[in-house]
$ cat run.cif   # mmCIF, C-alpha atoms
data_start
#
loop_
_atom_site.group_PDB
_atom_site.id
_atom_site.type_symbol
_atom_site.label_atom_id
_atom_site.label_comp_id
_atom_site.auth_asym_id
_atom_site.auth_seq_id
_atom_site.Cartn_x
_atom_site.Cartn_y
_atom_site.Cartn_z
ATOM 1 C CA MET S 1 152.008 125.026 153.750
ATOM 2 C CA THR S 2 150.936 126.018 157.261
ATOM 3 C CA MET S 3 152.921 125.132 160.371
ATOM 4 C CA GLU S 4 150.934 123.269 163.010
ATOM 5 C CA ARG S 5 151.435 124.179 166.647
ATOM 6 C CA ILE S 6 153.056 121.714 169.005
ATOM 7 C CA ILE S 7 150.491 120.103 171.319
ATOM 8 C CA ASP S 8 151.774 118.823 174.658
ATOM 9 C CA ALA S 9 150.946 115.411 176.105
ATOM 10 C CA ASP S 10 148.544 116.737 178.744
ATOM 11 C CA GLU S 11 146.427 118.550 176.145
ATOM 12 C CA LEU S 12 146.387 115.475 173.907
ATOM 13 C CA LYS S 13 145.285 113.269 176.786
ATOM 14 C CA GLU S 14 142.515 115.677 177.766
ATOM 15 C CA LYS S 15 141.123 116.233 174.264
ATOM 16 C CA PHE S 16 141.322 112.609 173.213
ATOM 17 C CA GLY S 17 139.865 111.489 176.533
ATOM 18 C CA LYS S 18 136.804 113.677 175.937
ATOM 19 C CA GLY S 19 136.439 112.394 172.365
ATOM 20 C CA LYS S 20 133.354 110.495 171.172
ATOM 21 C CA VAL S 21 133.746 108.586 167.922
ATOM 22 C CA ALA S 22 131.438 106.083 166.206
ATOM 23 C CA ILE S 23 132.710 103.379 163.879
ATOM 24 C CA ALA S 24 130.217 101.928 161.402
ATOM 25 C CA GLY S 25 131.425 98.547 160.186
ATOM 26 C CA LEU S 26 134.033 96.440 162.000
ATOM 27 C CA GLY S 27 135.791 94.662 159.168
ATOM 28 C CA GLY S 28 139.344 95.329 157.983
ATOM 29 C CA ILE S 29 138.974 99.100 158.064
ATOM 30 C CA GLY S 30 136.715 99.566 161.071
ATOM 31 C CA SER S 31 138.355 97.070 163.422
ATOM 32 C CA ASN S 32 141.753 98.649 162.817
ATOM 33 C CA ILE S 33 140.398 102.179 163.257
ATOM 34 C CA ALA S 34 138.846 101.193 166.581
ATOM 35 C CA VAL S 35 142.103 99.740 167.888
ATOM 36 C CA MET S 36 144.134 102.771 166.780
ATOM 37 C CA LEU S 37 141.723 105.174 168.472
ATOM 38 C CA ALA S 38 141.632 103.073 171.641
ATOM 39 C CA ARG S 39 145.436 103.000 171.767
ATOM 40 C CA SER S 40 145.423 106.792 171.319
ATOM 41 C CA GLY S 41 143.171 107.230 174.347
ATOM 42 C CA VAL S 42 139.906 108.310 172.729
ATOM 43 C CA GLY S 43 137.449 108.223 175.632
ATOM 44 C CA LYS S 44 134.285 106.818 174.068
ATOM 45 C CA LEU S 45 133.841 104.566 171.055
ATOM 46 C CA LEU S 46 130.652 103.277 169.490
ATOM 47 C CA LEU S 47 131.098 100.031 167.553
ATOM 48 C CA ALA S 48 128.372 99.032 165.088
ATOM 49 C CA ASP S 49 128.236 95.838 163.020
ATOM 50 C CA PHE S 50 125.865 92.877 162.645
ATOM 51 C CA ASP S 51 128.313 90.224 161.460
ATOM 52 C CA ARG S 52 130.279 87.403 163.082
ATOM 53 C CA VAL S 53 134.025 86.832 162.875
ATOM 54 C CA GLU S 54 134.924 84.267 160.214
ATOM 55 C CA GLU S 55 138.232 82.577 159.459
ATOM 56 C CA SER S 56 138.428 84.444 156.149
ATOM 57 C CA ASN S 57 138.503 87.742 158.075
ATOM 58 C CA LEU S 58 141.768 87.008 159.849
ATOM 59 C CA ASN S 59 144.054 88.113 156.998
ATOM 60 C CA ARG S 60 143.194 91.795 157.537
ATOM 61 C CA GLN S 61 140.822 92.321 160.479
ATOM 62 C CA TYR S 62 141.801 92.853 164.113
ATOM 63 C CA TYR S 63 140.629 89.478 165.374
ATOM 64 C CA ASP S 64 142.286 86.129 166.081
ATOM 65 C CA ARG S 65 141.204 82.511 165.909
ATOM 66 C CA SER S 66 139.681 82.635 169.397
ATOM 67 C CA HIS S 67 137.088 85.113 168.085
ATOM 68 C CA ILE S 68 135.769 82.967 165.225
ATOM 69 C CA GLY S 69 131.991 82.692 165.578
ATOM 70 C CA MET S 70 131.701 85.675 167.938
ATOM 71 C CA MET S 71 129.820 88.824 166.993
ATOM 72 C CA LYS S 72 132.367 91.359 165.810
ATOM 73 C CA THR S 73 131.037 93.929 168.272
ATOM 74 C CA ASP S 74 131.666 91.586 171.217
ATOM 75 C CA ALA S 75 135.073 90.420 169.994
ATOM 76 C CA LEU S 76 136.365 93.925 169.336
ATOM 77 C CA LYS S 77 135.039 95.280 172.624
ATOM 78 C CA ALA S 78 136.937 92.497 174.412
ATOM 79 C CA GLN S 79 140.108 93.371 172.487
ATOM 80 C CA ILE S 80 139.804 97.054 173.387
ATOM 81 C CA ASN S 81 139.077 96.297 177.053
ATOM 82 C CA LYS S 82 142.311 94.296 177.236
ATOM 83 C CA MET S 83 144.486 97.005 175.666
ATOM 84 C CA ASN S 84 142.871 100.097 177.217
ATOM 85 C CA PRO S 85 140.167 99.417 179.831
ATOM 86 C CA SER S 86 139.576 103.141 180.362
ATOM 87 C CA VAL S 87 137.812 103.428 176.983
ATOM 88 C CA ASP S 88 134.008 103.491 177.267
ATOM 89 C CA VAL S 89 132.824 101.127 174.524
ATOM 90 C CA GLU S 90 129.198 101.160 173.345
ATOM 91 C CA THR S 91 128.102 98.446 170.917
ATOM 92 C CA HIS S 92 125.217 98.041 168.492
ATOM 93 C CA THR S 93 124.941 94.570 166.971
ATOM 94 C CA VAL S 94 122.528 95.481 164.208
ATOM 95 C CA LYS S 95 122.470 96.158 160.481
ATOM 96 C CA ILE S 96 122.299 99.867 159.704
ATOM 97 C CA THR S 97 119.093 100.938 157.953
ATOM 98 C CA GLU S 98 117.397 104.193 157.063
ATOM 99 C CA GLU S 99 115.122 103.638 160.053
ATOM 100 C CA ASN S 100 117.811 103.207 162.738
ATOM 101 C CA VAL S 101 120.855 105.118 161.512
ATOM 102 C CA ARG S 102 120.045 108.417 163.243
ATOM 103 C CA ASP S 103 119.069 106.721 166.514
ATOM 104 C CA ILE S 104 122.363 104.829 166.628
ATOM 105 C CA PHE S 105 124.799 107.560 165.593
ATOM 106 C CA GLY S 106 122.901 110.753 166.392
ATOM 107 C CA ASP S 107 124.845 111.650 169.555
ATOM 108 C CA TYR S 108 128.292 111.224 168.021
ATOM 109 C CA PRO S 109 130.094 114.257 166.550
ATOM 110 C CA ILE S 110 132.481 112.111 164.472
ATOM 111 C CA VAL S 111 131.462 108.980 162.553
ATOM 112 C CA CYS S 112 133.872 106.686 160.696
ATOM 113 C CA GLU S 113 132.225 104.944 157.758
ATOM 114 C CA ALA S 114 133.883 101.559 157.216
ATOM 115 C CA PHE S 115 131.254 99.486 155.430
ATOM 116 C CA ASP S 116 131.894 96.994 152.611
ATOM 117 C CA ASP S 117 128.342 97.412 151.299
ATOM 118 C CA PRO S 118 127.815 100.474 149.036
ATOM 119 C CA GLN S 119 124.142 100.644 150.037
ATOM 120 C CA CYS S 120 125.021 100.904 153.730
ATOM 121 C CA LYS S 121 127.603 103.570 152.891
ATOM 122 C CA ALA S 122 124.956 105.595 151.087
ATOM 123 C CA ILE S 123 122.414 105.222 153.902
ATOM 124 C CA LEU S 124 124.878 106.447 156.497
ATOM 125 C CA VAL S 125 126.214 109.384 154.508
ATOM 126 C CA ASN S 126 122.790 110.548 153.322
ATOM 127 C CA ALA S 127 121.385 110.460 156.846
ATOM 128 C CA LEU S 128 124.306 111.882 158.799
ATOM 129 C CA LEU S 129 125.854 114.481 156.503
ATOM 130 C CA ASP S 130 123.581 117.061 158.058
ATOM 131 C CA GLY S 131 125.923 119.729 159.416
ATOM 132 C CA LYS S 132 125.842 118.251 162.928
ATOM 133 C CA ARG S 133 128.879 115.974 162.687
ATOM 134 C CA LYS S 134 131.974 115.051 160.692
ATOM 135 C CA ILE S 135 132.087 111.875 158.596
ATOM 136 C CA VAL S 136 135.385 110.165 157.810
ATOM 137 C CA ALA S 137 134.769 107.583 155.073
ATOM 138 C CA ALA S 138 136.747 104.959 153.153
ATOM 139 C CA SER S 139 136.805 104.301 149.426
ATOM 140 C CA GLY S 140 139.061 102.105 147.313
ATOM 141 C CA MET S 141 141.937 100.133 148.793
ATOM 142 C CA ALA S 142 141.679 96.675 147.230
ATOM 143 C CA GLY S 143 144.522 95.083 145.337
ATOM 144 C CA PHE S 144 148.287 95.524 145.531
ATOM 145 C CA GLY S 145 148.732 99.075 144.259
ATOM 146 C CA SER S 146 151.145 101.492 145.870
ATOM 147 C CA ALA S 147 150.163 102.506 149.390
ATOM 148 C CA ASN S 148 151.284 106.019 148.437
ATOM 149 C CA LYS S 149 148.133 106.375 146.352
ATOM 150 C CA ILE S 150 145.977 106.285 149.502
ATOM 151 C CA LYS S 151 145.156 109.857 150.520
ATOM 152 C CA THR S 152 142.778 111.800 152.737
ATOM 153 C CA LYS S 153 140.583 114.250 150.840
ATOM 154 C CA HIS S 154 138.251 116.894 152.269
ATOM 155 C CA THR S 155 135.482 116.343 149.753
ATOM 156 C CA PHE S 156 132.621 118.272 151.383
ATOM 157 C CA LYS S 157 132.333 120.683 154.298
ATOM 158 C CA ASP S 158 131.889 117.930 156.895
ATOM 159 C CA MET S 159 133.163 114.864 155.029
ATOM 160 C CA TYR S 160 136.579 113.340 154.480
ATOM 161 C CA ILE S 161 137.274 110.353 152.221
ATOM 162 C CA CYS S 162 140.341 108.173 152.680
ATOM 163 C CA GLY S 163 141.468 105.796 149.959
ATOM 164 C CA ASP S 164 142.955 105.723 146.473
ATOM 165 C CA SER S 165 139.773 106.993 144.744
ATOM 166 C CA GLU S 166 140.095 104.305 142.094
ATOM 167 C CA PRO S 167 137.202 102.050 141.062
ATOM 168 C CA SER S 168 137.155 98.683 142.793
ATOM 169 C CA VAL S 169 138.274 95.794 140.617
ATOM 170 C CA PRO S 170 135.668 92.982 140.632
ATOM 171 C CA GLY S 171 137.067 90.221 142.796
ATOM 172 C CA GLY S 172 139.948 92.423 143.933
ATOM 173 C CA SER S 173 141.701 91.185 147.040
ATOM 174 C CA PHE S 174 141.618 93.091 150.324
ATOM 175 C CA MET S 175 144.904 92.472 152.108
ATOM 176 C CA ALA S 176 146.223 93.690 155.440
ATOM 177 C CA PRO S 177 148.783 96.325 154.316
ATOM 178 C CA ARG S 178 146.620 98.624 152.182
ATOM 179 C CA VAL S 179 143.596 98.137 154.446
ATOM 180 C CA ALA S 180 145.710 99.139 157.453
ATOM 181 C CA VAL S 181 147.097 102.176 155.614
ATOM 182 C CA CYS S 182 143.574 103.373 154.825
ATOM 183 C CA ALA S 183 142.443 102.710 158.400
ATOM 184 C CA GLY S 184 145.447 104.691 159.598
ATOM 185 C CA HIS S 185 144.413 107.621 157.416
ATOM 186 C CA GLN S 186 140.925 107.554 158.890
ATOM 187 C CA ALA S 187 142.114 107.229 162.487
ATOM 188 C CA ASN S 188 144.635 110.024 161.982
ATOM 189 C CA MET S 189 141.961 112.291 160.524
ATOM 190 C CA VAL S 190 139.730 111.580 163.525
ATOM 191 C CA LEU S 191 142.512 112.564 165.924
ATOM 192 C CA ARG S 192 143.094 115.763 163.960
ATOM 193 C CA LEU S 193 139.396 116.600 164.155
ATOM 194 C CA LEU S 194 139.434 116.023 167.927
ATOM 195 C CA LEU S 195 142.216 118.629 168.032
ATOM 196 C CA ASN S 196 140.142 120.983 165.834
ATOM 197 C CA ILE S 197 142.558 120.586 162.919
ATOM 198 C CA GLU S 198 140.838 120.333 159.547
ATOM 199 C CA GLU S 199 142.311 119.572 156.145
ATOM 200 C CA GLU S 200 142.198 122.399 153.639
#

$ encode --input "run.cif" --output "structure tokens"
Amino acid sequence: MTMERIIDADELKEKFGKGKVAIAGLGGIGSNIAVMLARSGVGKLLLADFDRVEESNLNRQYYDRSHIGMMKTDALKAQINKMNPSVDVETHTVKITEENVRDIFGDYPIVCEAFDDPQCKAILVNALLDGKRKIVAASGMAGFGSANKIKTKHTFKDMYICGDSEPSVPGGSFMAPRVAVCAGHQANMVLRLLLNIEEE
């Protein structure tokens, strides 16, 4: 086990302030990641999603009843502007495809994958796992299993996967606690990468 050096507040503020992070998908995982990174002072966030806030989202996603019917990109940008107006928020209200994925995320050195749709996950990873950036992805957090099963794994050179690595149960419920734990893993890994700390 290696000891990590102590990083003072000024260095944290500087490195996080210069950080550029993209978040693909703004549901339970992505909306919580975005808020955690904004609270931590990450300087620039890209938010990408094509969906609207629905009442059924409110049990686990970082929205409230006033956002129902709004595009998730607009609602989350408003939330972030209220909590930390110094964050530069870029939004893309569009579904990610093979044709647009590189144009949208190409300038970002760290991308958080937070999609519900396996096809969108595959499109993003296949296009962006190219040695030019780090991908921090999510996999498996439905149900009521122990939160201690959720881990961060360094699966490939430039890819980290956070989750319990267990197959999704058809119809399994996504509830706030495990979703937030997984989002916390992803946000924490992003902050470590901004500090040039990589998992072994």

$ closest_residue --input "run.cif" --among "S:Met71, S:Leu58, S:Ala187, S:Val136" --to "Ala38 (chain S)" --atoms "only C-alpha atoms"
S:Ala187

$ closest_residue --input "run.cif" --among "S:Ser146, S:Ser139, S:Gln186, S:Ser40" --to "Gly163 (chain S)" --atoms "only C-alpha atoms"
S:Ser139

$ atom_distance --input "run.cif" --atom1 "CA of Ser31 (chain S)" --atom2 "CA of Asp158 (chain S)"
22.8 Å

$ closest_residue --input "run.cif" --among "S:Met83, S:Met141, S:Ile135, S:Leu193" --to "Arg39 (chain S)" --atoms "only C-alpha atoms"
S:Met83

$ resolve_selection --input "run.cif" --expression "the PyMOL selection byres ((chain S and resi 178) around 10)" --output "mmCIF file with C-alpha atoms, in the frame of the given file"
data_model
loop_
_atom_site.group_PDB
_atom_site.id
_atom_site.type_symbol
_atom_site.label_atom_id
_atom_site.label_comp_id
_atom_site.auth_asym_id
_atom_site.auth_seq_id
_atom_site.Cartn_x
_atom_site.Cartn_y
_atom_site.Cartn_z
ATOM 1 C CA GLY S 28 139.344 95.329 157.983
ATOM 2 C CA ILE S 29 138.974 99.100 158.064
ATOM 3 C CA ARG S 60 143.194 91.795 157.537
ATOM 4 C CA GLY S 140 139.061 102.105 147.313
ATOM 5 C CA MET S 141 141.937 100.133 148.793
ATOM 6 C CA ALA S 142 141.679 96.675 147.230
ATOM 7 C CA GLY S 143 144.522 95.083 145.337
ATOM 8 C CA PHE S 144 148.287 95.524 145.531
ATOM 9 C CA GLY S 145 148.732 99.075 144.259
ATOM 10 C CA SER S 146 151.145 101.492 145.870
ATOM 11 C CA ALA S 147 150.163 102.506 149.390
ATOM 12 C CA ASN S 148 151.284 106.019 148.437
ATOM 13 C CA LYS S 149 148.133 106.375 146.352
ATOM 14 C CA ILE S 150 145.977 106.285 149.502
ATOM 15 C CA GLY S 163 141.468 105.796 149.959
ATOM 16 C CA ASP S 164 142.955 105.723 146.473
ATOM 17 C CA PHE S 174 141.618 93.091 150.324
ATOM 18 C CA MET S 175 144.904 92.472 152.108
ATOM 19 C CA ALA S 176 146.223 93.690 155.440
ATOM 20 C CA PRO S 177 148.783 96.325 154.316
ATOM 21 C CA VAL S 179 143.596 98.137 154.446
ATOM 22 C CA ALA S 180 145.710 99.139 157.453
ATOM 23 C CA VAL S 181 147.097 102.176 155.614
ATOM 24 C CA CYS S 182 143.574 103.373 154.825
ATOM 25 C CA ALA S 183 142.443 102.710 158.400
ATOM 26 C CA GLY S 184 145.447 104.691 159.598
#

$ resolve_selection --input "run.cif" --expression "the PyMOL selection byres ((chain S and resi 56) around 12)" --output "list in words"
Gly27, Gly28, Arg52, Val53, Glu54, Glu55, Asn57, Leu58, Asn59, Arg60, Gln61, Tyr63, Asp64, Arg65, Ile68, Gly69, Ser173, Phe174 and Met175 of chain S

$ closest_residue --input "run.cif" --among "S:Thr91, S:Asn32, S:Ser86, S:Thr152" --to "Phe105 (chain S)" --atoms "all atoms listed in the file"
S:Thr91

$ atom_distance --input "run.cif" --atom1 "CA of Val94 (chain S)" --atom2 "CA of Gly41 (chain S)"
25.8 Å

$ resolve_selection --input "run.cif" --expression "the PyMOL selection byres ((chain S and resi 194) around 10)" --output "list in words"
Leu12, Lys15, Phe16, Gly17, Lys18, Gly19, Lys20, Val21, Val42, Pro109, Ile110, Asn188, Met189, Val190, Leu191, Arg192, Leu193, Leu195, Asn196, Ile197 and Glu198 of chain S

$ atom_distance --input "run.cif" --atom1 "CA of Ala137 (chain S)" --atom2 "CA of Ala78 (chain S)"
24.6 Å

$ closest_residue --input "run.cif" --among "S:Cys112, S:Leu129, S:Leu124, S:Leu46" --to "Ile33 (chain S)" --atoms "only C-alpha atoms"
S:Cys112

$ closest_residue --input "run.cif" --among "S:Leu76, S:Ile96, S:Ile123, S:Val111" --to "Tyr160 (chain S)" --atoms "only C-alpha atoms"
S:Val111
